[in-house]
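Working notes, structure below.
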Amino acid sequence: MKTSRRQFIGLFTGGIFTTLFLGKSGGVLGALAADKKGAGKKAIDPPAGQAEASPSDALVGAIGYIPDATKVDKKKYPQYKAGQACGKCALYTKLNDGWGKCQMIANGVVRTSGWCGSFNAKT
């Protein structure tokens, strides 16, 4: 079967289009869709050499540290008010976009989105 130059170019560019835009892992279109789905939801790891403060640690548990302020038990911690988070606390020192150091917790770092019973709003 003889293929003309036009047919060859059409098949070649069609193959490139299919590979780039619809490729095995979703190609360009799949990557764009995945980026929009995960926008703002990417987890940030703690800074190098640092570990997250564990709520099971005695001191951390005693002050009621919770990694996600939106999940605070309002019956257990009636002093909690919506919008409070470690990132807005005077005891918090930012290390990166998702993590910081708390003056109340000696071992480990806390999430910017966390909360504890020692919350003291920045002024």
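Each chain of the structure tokens is named A, B, ... in the order shown, its residues numbered from 1; ligands are numbered from 1 in display order.
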Find the residues near Asp97 of chain A: any atom within 10 Å, counting only C-alpha atoms, skip ones fewer than 6 places away on the same chain, and give them as an NGL selection string. :A and (44-46 or 87 or 111-112)
Considering only strand (DSSP E or B) as DSSP defines it on the backbone, what residues of segment 26-121 of chain A qualify? List them as a list in words.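 Here are the strand (DSSP E or B) residues of segment 26-121 of chain A: Glu52, Ile66, Cys89, Tyr92, Thr93, Lys94, Trp99, Gly100, Lys101, Cys102, Val109, Val110, Arg111, Trp115 and Ala121 of chain A.
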Quick one: residues within 12 Å of Lys88 of chain A, only C-alpha atoms counted, chain neighbours fewer than 5 positions away excluded, as a list in words?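 The contact residues come out as Ala69, Ala82, Gly83, Thr93, Lys94, Gly100, Cys102, Arg111, Thr112, Ser113, Gly114, Trp115, Cys116, Phe119, Asn120, Ala121, Lys122 and Thr123 of chain A.
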Same residues, N, CA and C atoms, output as a PDB file, in the first residue's frame:
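And here's out27.pdb as it stands now:
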ATOM      1  N   ALA A  69      -7.613  22.421  62.813  1.00  0.00           N
ATOM      2  CA  ALA A  69      -8.499  23.206  63.675  1.00  0.00           C
ATOM      3  C   ALA A  69      -9.974  23.028  63.349  1.00  0.00           C
ATOM      4  N   ALA A  82     -14.406  29.452  65.852  1.00  0.00           N
ATOM      5  CA  ALA A  82     -14.136  29.238  64.428  1.00  0.00           C
ATOM      6  C   ALA A  82     -13.137  30.276  63.926  1.00  0.00           C
ATOM      7  N   GLY A  83     -12.210  29.843  63.116  1.00  0.00           N
ATOM      8  CA  GLY A  83     -11.198  30.738  62.557  1.00  0.00           C
ATOM      9  C   GLY A  83      -9.887  30.737  63.329  1.00  0.00           C
ATOM     10  N   THR A  93       5.591  30.545  65.481  1.00  0.00           N
ATOM     11  CA  THR A  93       6.615  31.131  64.614  1.00  0.00           C
ATOM     12  C   THR A  93       6.637  30.324  63.319  1.00  0.00           C
ATOM     13  N   LYS A  94       6.351  30.965  62.210  1.00  0.00           N
ATOM     14  CA  LYS A  94       6.264  30.301  60.912  1.00  0.00           C
ATOM     15  C   LYS A  94       7.624  29.798  60.444  1.00  0.00           C
ATOM     16  N   GLY A 100       5.127  25.419  61.522  1.00  0.00           N
ATOM     17  CA  GLY A 100       5.772  26.403  62.372  1.00  0.00           C
ATOM     18  C   GLY A 100       6.141  25.799  63.708  1.00  0.00           C
ATOM     19  N   CYS A 102       5.882  26.103  67.876  1.00  0.00           N
ATOM     20  CA  CYS A 102       5.039  26.641  68.954  1.00  0.00           C
ATOM     21  C   CYS A 102       5.877  26.758  70.221  1.00  0.00           C
ATOM     22  N   ARG A 111       1.283  22.257  62.660  1.00  0.00           N
ATOM     23  CA  ARG A 111       0.708  22.698  61.394  1.00  0.00           C
ATOM     24  C   ARG A 111       0.135  24.108  61.548  1.00  0.00           C
ATOM     25  N   THR A 112       0.244  24.887  60.494  1.00  0.00           N
ATOM     26  CA  THR A 112      -0.327  26.228  60.486  1.00  0.00           C
ATOM     27  C   THR A 112      -1.834  26.148  60.723  1.00  0.00           C
ATOM     28  N   SER A 113      -2.432  25.071  60.241  1.00  0.00           N
ATOM     29  CA  SER A 113      -3.882  24.894  60.349  1.00  0.00           C
ATOM     30  C   SER A 113      -4.305  24.211  61.646  1.00  0.00           C
ATOM     31  N   GLY A 114      -3.363  23.951  62.558  1.00  0.00           N
ATOM     32  CA  GLY A 114      -3.672  23.273  63.811  1.00  0.00           C
ATOM     33  C   GLY A 114      -4.264  24.216  64.856  1.00  0.00           C
ATOM     34  N   TRP A 115      -4.530  23.675  66.043  1.00  0.00           N
ATOM     35  CA  TRP A 115      -5.085  24.462  67.140  1.00  0.00           C
ATOM     36  C   TRP A 115      -4.763  23.759  68.445  1.00  0.00           C
ATOM     37  N   CYS A 116      -4.641  24.550  69.532  1.00  0.00           N
ATOM     38  CA  CYS A 116      -4.528  23.948  70.867  1.00  0.00           C
ATOM     39  C   CYS A 116      -5.197  24.874  71.880  1.00  0.00           C
ATOM     40  N   PHE A 119      -4.238  28.656  72.654  1.00  0.00           N
ATOM     41  CA  PHE A 119      -4.345  29.658  71.593  1.00  0.00           C
ATOM     42  C   PHE A 119      -4.440  31.061  72.187  1.00  0.00           C
ATOM     43  N   ASN A 120      -3.613  31.964  71.650  1.00  0.00           N
ATOM     44  CA  ASN A 120      -3.578  33.365  72.079  1.00  0.00           C
ATOM     45  C   ASN A 120      -3.467  34.199  70.808  1.00  0.00           C
ATOM     46  N   ALA A 121      -4.529  34.861  70.414  1.00  0.00           N
ATOM     47  CA  ALA A 121      -4.568  35.582  69.139  1.00  0.00           C
ATOM     48  C   ALA A 121      -3.461  36.625  69.040  1.00  0.00           C
ATOM     49  N   LYS A 122      -2.875  36.702  67.819  1.00  0.00           N
ATOM     50  CA  LYS A 122      -1.870  37.737  67.568  1.00  0.00           C
ATOM     51  C   LYS A 122      -2.551  39.110  67.606  1.00  0.00           C
ATOM     52  N   THR A 123      -1.790  40.087  68.083  1.00  0.00           N
ATOM     53  CA  THR A 123      -2.352  41.452  68.111  1.00  0.00           C
ATOM     54  C   THR A 123      -1.657  42.337  67.132  1.00  0.00           C
TER      55      THR A 123
END
Quick one: of A:Ala58, A:Cys86, A:Val72, A:Leu91, who's nearest to Val110 of chain A, counting only C-alpha atoms?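 For Val110 of chain A, the nearest of the given residues is A:Cys86.
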Would you work out the distance separating atom CA of Ala53 of chain A from atom CA of Ile105 of chain A, expressed in Å to one decimal? 7.6 Å
Coordinates-based distance that separates atom CA of Ala62 of chain A from atom CA of Gln79 of chain A (Å, one decimal):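 Spanning atom CA of Gln79 of chain A to atom CA of Ala62 of chain A is a straight-line distance of 15.0 Å.
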When DSSP works through the backbone of this structure, what residues of segment 34-98 of chain A end up as alpha helix (DSSP H), shown as a list in words?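 After running DSSP on the backbone, segment 34-98 of chain A has alpha helix (DSSP H) at Ala34, Asp35, Lys36, Lys37, Ala58, Leu59, Val60, Gly61 and Ala62 of chain A.
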Leaving out Tyr77 of chain A and any residue of its chain fewer than 3 positions from it, which residues lie within 9 Å of it when counting only C-alpha atoms, given as a ChimeraX atom specification? /A:64,72-74,80,116-117
What does the distance from atom CA of Glu52 of chain A to atom CA of Pro78 of chain A come to in Å, to one decimal?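 Interatomic distance, atom CA of Glu52 of chain A to atom CA of Pro78 of chain A: 24.9 Å.
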